[in-house]
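Participant: query-v7.txt is the file, holding compact mmCIF, C-alpha atoms:
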```
# COMPACT_ATOMS: atom_id res chain seq x y z
CA MET A 1 -29.85 16.05 -2.30
CA GLU A 2 -28.93 19.69 -1.94
CA GLU A 3 -30.30 21.95 -4.66
CA ASN A 4 -27.67 22.15 -7.34
CA ILE A 5 -27.41 23.66 -10.75
CA PHE A 6 -26.86 21.19 -13.58
CA TYR A 7 -26.49 21.40 -17.36
CA HIS A 8 -28.68 19.61 -19.89
CA VAL A 9 -28.06 19.29 -23.64
CA SER A 10 -31.14 19.17 -25.87
CA ALA A 11 -32.30 19.64 -29.45
CA LYS A 12 -35.61 20.95 -28.11
CA ASN A 13 -36.17 24.65 -27.53
CA TYR A 14 -37.07 25.38 -23.90
CA ASP A 15 -37.91 28.59 -22.06
CA SER A 16 -37.24 29.37 -18.42
CA GLY A 17 -39.63 27.39 -16.22
CA ASN A 18 -40.26 24.66 -18.80
CA LYS A 19 -39.98 21.10 -17.56
CA ILE A 20 -37.88 18.50 -19.33
CA GLU A 21 -39.78 15.25 -19.10
CA ILE A 22 -38.18 12.01 -18.02
CA GLY A 23 -37.58 9.07 -20.34
CA ARG A 24 -36.85 10.85 -23.63
CA TRP A 25 -33.44 9.14 -24.03
CA GLY A 26 -34.88 5.72 -23.21
CA TYR A 27 -37.77 6.12 -25.60
CA THR A 28 -35.44 7.15 -28.45
CA THR A 29 -32.94 4.38 -27.68
CA LEU A 30 -35.60 1.68 -27.60
CA GLU A 31 -37.25 3.04 -30.75
CA LEU A 32 -33.95 2.87 -32.71
CA GLY A 33 -33.29 -0.62 -31.39
CA SER A 34 -30.38 -2.99 -31.69
CA ARG A 35 -28.97 -1.53 -34.88
CA THR A 36 -27.32 1.24 -32.85
CA SER A 37 -24.43 1.19 -30.37
CA PRO A 38 -26.36 3.16 -27.73
CA TRP A 39 -28.98 0.40 -27.58
CA HIS A 40 -26.34 -2.24 -26.79
CA ASN A 41 -24.73 0.00 -24.19
CA GLU A 42 -28.03 0.82 -22.51
CA MET A 43 -29.17 -2.80 -22.48
CA ALA A 44 -25.95 -3.82 -20.69
CA LEU A 45 -26.36 -0.91 -18.23
CA GLU A 46 -29.98 -1.86 -17.61
CA TYR A 47 -29.18 -5.55 -17.15
CA ILE A 48 -26.48 -4.87 -14.53
CA ARG A 49 -28.59 -2.21 -12.80
CA GLY A 50 -31.52 -4.60 -12.45
CA LEU A 51 -29.31 -7.43 -11.26
CA TYR A 52 -27.06 -5.63 -8.74
CA PHE A 53 -28.43 -2.08 -8.27
CA PRO A 54 -32.25 -2.31 -8.55
CA TYR A 55 -32.68 0.63 -6.17
CA LYS A 56 -30.99 2.97 -8.67
CA PRO A 57 -33.08 4.68 -11.35
CA SER A 58 -33.24 3.12 -14.79
CA ARG A 59 -31.54 5.26 -17.41
CA LEU A 60 -34.38 4.35 -19.77
CA ILE A 61 -36.98 6.28 -17.74
CA SER A 62 -34.84 9.09 -16.34
CA SER A 63 -33.62 12.60 -17.05
CA PHE A 64 -29.93 13.38 -17.47
CA ALA A 65 -27.80 16.40 -16.70
CA PHE A 66 -24.14 17.20 -16.16
CA TYR A 67 -22.60 18.69 -13.04
CA SER A 68 -20.23 20.84 -15.06
CA LEU A 69 -20.85 23.17 -17.96
CA GLN A 70 -17.52 22.06 -19.41
CA LYS A 71 -18.64 18.40 -19.56
CA ALA A 72 -21.94 19.44 -21.19
CA GLN A 73 -19.97 21.42 -23.78
CA GLU A 74 -17.62 18.49 -24.42
CA PHE A 75 -20.61 16.18 -24.89
CA ARG A 76 -22.40 18.58 -27.21
CA ASN A 77 -19.27 19.36 -29.25
CA ASP A 78 -18.11 15.75 -29.64
CA PRO A 79 -18.59 14.94 -33.35
CA LYS A 80 -19.45 11.31 -32.49
CA GLN A 81 -22.47 12.53 -30.52
CA ASN A 82 -23.92 14.50 -33.46
CA ARG A 83 -25.22 17.25 -31.15
CA VAL A 84 -23.18 20.31 -32.16
CA ASN A 85 -26.31 22.34 -32.98
CA GLN A 86 -28.05 21.51 -29.71
CA THR A 87 -28.54 23.91 -26.82
CA ILE A 88 -27.13 23.71 -23.31
CA TYR A 89 -29.59 24.64 -20.56
CA LYS A 90 -28.94 25.46 -16.96
CA VAL A 91 -31.42 23.29 -15.03
CA LYS A 92 -32.41 22.17 -11.56
CA ILE A 93 -34.03 18.99 -10.31
CA GLU A 94 -37.77 19.45 -9.79
CA ASP A 95 -38.07 16.84 -7.01
CA PRO A 96 -34.72 16.10 -5.31
CA SER A 97 -36.38 13.45 -3.12
CA LEU A 98 -36.79 11.08 -6.08
CA PRO A 99 -34.11 8.43 -6.73
CA TYR A 100 -31.00 9.54 -8.58
CA HIS A 101 -27.58 8.23 -9.48
CA LEU A 102 -24.30 10.07 -9.96
CA GLY A 103 -22.37 8.27 -12.64
CA ASN A 104 -19.03 8.95 -14.22
CA PHE A 105 -20.01 9.91 -17.75
CA ASN A 106 -16.53 9.13 -19.08
CA ILE A 107 -16.96 5.47 -18.15
CA VAL A 108 -20.09 5.09 -20.24
CA PHE A 109 -19.22 7.25 -23.23
CA GLY A 110 -15.42 7.44 -23.06
CA TYR A 111 -14.83 3.97 -24.43
CA ASN A 112 -15.00 2.22 -27.77
CA HIS A 113 -18.61 1.44 -28.59
CA SER A 114 -18.19 -2.29 -28.34
CA ARG A 115 -21.06 -4.72 -28.69
CA GLU A 116 -19.21 -7.41 -26.75
CA GLN A 117 -21.50 -8.12 -23.80
CA THR A 118 -18.87 -9.17 -21.25
CA TYR A 119 -16.99 -5.92 -21.78
CA LEU A 120 -20.18 -3.82 -21.68
CA GLN A 121 -21.28 -5.52 -18.46
CA GLN A 122 -17.90 -4.79 -16.82
CA ILE A 123 -18.25 -1.13 -17.77
CA ALA A 124 -21.82 -1.14 -16.44
CA GLN A 125 -20.70 -2.58 -13.07
CA ILE A 126 -18.14 0.22 -12.67
CA TYR A 127 -20.68 2.87 -13.71
CA TRP A 128 -23.41 1.77 -11.29
CA ALA A 129 -20.98 1.20 -8.42
CA ASN A 130 -19.51 4.63 -9.20
CA ALA A 131 -16.20 2.95 -8.43
CA ASP A 132 -14.06 5.02 -10.75
CA ASN A 133 -15.33 8.49 -9.93
CA GLU A 134 -12.37 10.83 -9.88
CA SER A 135 -14.39 14.05 -9.63
CA LYS A 136 -17.86 15.55 -9.85
CA ASP A 137 -16.73 17.26 -13.05
CA ASN A 138 -17.14 13.97 -14.91
CA ASN A 139 -20.48 13.14 -13.33
CA GLU A 140 -23.83 13.00 -14.93
CA ILE A 141 -26.89 12.85 -12.76
CA VAL A 142 -29.54 10.32 -13.72
CA THR A 143 -32.81 11.15 -11.97
CA LEU A 144 -36.44 10.08 -11.93
CA SER A 145 -37.33 13.74 -11.50
CA GLN A 146 -38.16 16.10 -14.30
CA LEU A 147 -35.64 18.88 -14.85
CA VAL A 148 -36.74 22.51 -14.64
CA VAL A 149 -35.10 24.91 -17.08
CA ILE A 150 -33.57 27.93 -15.40
CA THR A 151 -32.14 29.48 -18.55
CA LYS A 152 -29.99 28.86 -21.57
CA THR A 153 -26.31 29.14 -20.76
CA PRO A 154 -24.77 32.56 -21.51
CA GLN A 155 -22.97 31.23 -24.59
CA GLU A 156 -26.27 29.93 -25.98
CA LYS A 157 -28.00 33.27 -25.40
CA GLU A 158 -25.15 35.06 -27.14
CA GLN A 159 -25.40 32.72 -30.15
CA GLU A 160 -29.16 33.23 -30.25
CA ASN A 161 -28.70 37.02 -30.31
CA ILE A 162 -26.15 36.78 -33.14
CA SER A 163 -28.45 34.62 -35.26
CA THR A 164 -31.41 37.05 -34.87
CA CYS A 165 -29.42 40.10 -36.00
```
Write the structure described by the file as structure tokens, please.
Facilitator:
Amino acid sequence: MEENIFYHVSAKNYDSGNKIEIGRWGYTTLELGSRTSPWHNEMALEYIRGLYFPYKPSRLISSFAFYSLQKAQEFRNDPKQNRVNQTIYKVKIEDPSLPYHLGNFNIVFGYNHSREQTYLQQIAQIYWANADNESKDNNEIVTLSQLVVITKTPQEKEQENISTC
């Protein structure tokens, strides 16, 4: 994979050079368990990945980032995601040789949070096959590599400066 710049949304405060560890999303999802929609979604994604795409990295032990700043902002600002106070970081992949998957984020999070397994498994098949990928702008990268923080995005730095005045 060529070295690219990606965008990561996090509630944690990171400085340049910090590493974002893998598996945080998976740990949180598994800890919250079946009472949440994300758990059902991730279990369907994991089931289909293991069955048909075992060479792709599990979302439960990976790091995530967006190709586009706009998609990271949409994710962070979506009221359903409850992340409006989180920070967007410009990041790079620490070890690009590790397995990764480019998935259309809209397929996974752009649908009604159903708990109907047949529907979830159909969505998971499309996601892992990357069969409905209209552009990189909608892609998230799922990687077994840690992410290295380059910096906060300019908008985040500006907000930080305003709040310290």
Participant: Identify, on the basis of only C-alpha atoms, every residue whose closest approach to Lys90 of chain A does not exceed 10 Å; exclude the query and any residue fewer than 6 positions from it along the same chain; express the result as a VMD selection string.
Facilitator: chain A and resid 5 to 9 16 65 to 66 69 147 to 154
Participant: Next, dump the selected residues to file, keeping only C-alpha atoms, as a short mmCIF file (atom, residue, chain, number, x, y, z; two decimals), in the frame of the given file.
Facilitator:
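Printed below is again-v9.cif as written:
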```cif
data_model
loop_
_atom_site.label_atom_id
_atom_site.label_comp_id
_atom_site.auth_asym_id
_atom_site.auth_seq_id
_atom_site.Cartn_x
_atom_site.Cartn_y
_atom_site.Cartn_z
CA ILE A 5 -27.41 23.66 -10.75
CA PHE A 6 -26.86 21.19 -13.58
CA TYR A 7 -26.49 21.40 -17.36
CA HIS A 8 -28.68 19.61 -19.89
CA VAL A 9 -28.06 19.29 -23.64
CA SER A 16 -37.24 29.37 -18.42
CA ALA A 65 -27.80 16.40 -16.70
CA PHE A 66 -24.14 17.20 -16.16
CA LEU A 69 -20.85 23.17 -17.96
CA LEU A 147 -35.64 18.88 -14.85
CA VAL A 148 -36.74 22.51 -14.64
CA VAL A 149 -35.10 24.91 -17.08
CA ILE A 150 -33.57 27.93 -15.40
CA THR A 151 -32.14 29.48 -18.55
CA LYS A 152 -29.99 28.86 -21.57
CA THR A 153 -26.31 29.14 -20.76
CA PRO A 154 -24.77 32.56 -21.51
#
```
Participant: Identify the residues around (-26.3, 9.9, -11.6) within a radius of 9 Å, measuring from all atoms listed in the file in the coordinates stated by the file, and give them as a ChimeraX atom specification.
Facilitator: /A:56-57,64-66,100-105,128,130,139-143
Participant: Point out the residue among A:Phe75, A:Trp25, A:Gly33, A:Tyr67 with the least atom-to-atom distance to Lys92 of chain A, counting all atoms listed in the file.
Facilitator: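 Smallest separation from Lys92 of chain A among the options: A:Tyr67.
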Participant: Rank nothing, just name the residue among A:Tyr127, A:Gln155, A:Ser145, A:Val84 nearest to Tyr52 of chain A, using only C-alpha atoms.
Facilitator: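 Closest candidate: A:Tyr127.
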Participant: State, in Å with one decimal place, the distance from atom CA of Ile123 of chain A to atom CA of Ile107 of chain A.
Facilitator: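 Separation between atom CA of Ile123 of chain A and atom CA of Ile107 of chain A: 6.7 Å.
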Participant: Can you pull out the residues contacting Thr29 of chain A? Cut-off 9 Å, using all atoms listed in the file, and skip same-chain residues under 5 positions away; I want them as a PDB file with C-alpha atoms, in the coordinates of the input.
Facilitator:
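What ended up in around_22.pdb:
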```
ATOM      1  CA  ARG A  24     -36.850  10.850 -23.630  1.00  0.00           C
ATOM      2  CA  SER A  34     -30.380  -2.990 -31.690  1.00  0.00           C
ATOM      3  CA  THR A  36     -27.320   1.240 -32.850  1.00  0.00           C
ATOM      4  CA  PRO A  38     -26.360   3.160 -27.730  1.00  0.00           C
ATOM      5  CA  TRP A  39     -28.980   0.400 -27.580  1.00  0.00           C
ATOM      6  CA  GLU A  42     -28.030   0.820 -22.510  1.00  0.00           C
ATOM      7  CA  LEU A  60     -34.380   4.350 -19.770  1.00  0.00           C
TER       8      LEU A  60
END
```
Participant: Distance atom CA of Gly17 of chain A-atom CA of Glu74 of chain A, one decimal place?
Facilitator: 25.1 Å
Participant: Check the smallest atom-to-atom distance from each of A:Asn18, A:Asn13, A:Thr118, A:Ser62 to Ile88 of chain A using only C-alpha atoms, then report the winner.
Facilitator: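 The shortest atom-to-atom distance to Ile88 of chain A comes from A:Asn13.
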Participant: Please report, as AutoDock Vina command-line options, the centre and edge lengths in Å to one decimal of an axis-aligned box covering all listed atoms of segment 13-30 of chain A with 5 Å per side.
Facilitator:
```
--center_x -36.6 --center_y 15.5 --center_z -22.3 --size_x 17.3 --size_y 37.7 --size_z 22.2
```
Participant: Between A:Leu45, A:Arg59, A:Glu94, A:Gln81, which is the closest to Leu120 of chain A once you count all atoms listed in the file?
Facilitator: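 That would be A:Leu45, the residue with the smallest distance to Leu120 of chain A.
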Participant: Given all atoms listed in the file as the basis, pick out the residue of A:Asp95, A:Asn106, A:Leu32, A:Leu51 nearest to Lys71 of chain A.
Facilitator: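 Ranking A:Asp95, A:Asn106, A:Leu32, A:Leu51 by distance to Lys71 of chain A, first place goes to A:Asn106.
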Participant: To one decimal place, how far is atom CA of Ser10 of chain A from atom CA of Ala72 of chain A in Å?
Facilitator: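 Separation of atom CA of Ser10 of chain A and atom CA of Ala72 of chain A: 10.3 Å.
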Participant: Counting all atoms listed in the file, which residue out of A:Pro99, A:Glu31, A:Arg83, A:Ser58 sits closest to Ala44 of chain A?
Facilitator: A:Ser58
Participant: I want to know what sits within 12 Å of Glu116 of chain A, based on all atoms listed in the file, with residues of the same chain fewer than 5 positions away left out; could you give that as a list in words?
Facilitator: Ser37, His40, Asn41, Met43, Ala44, Gln121, Gln122 and Ile123 of chain A
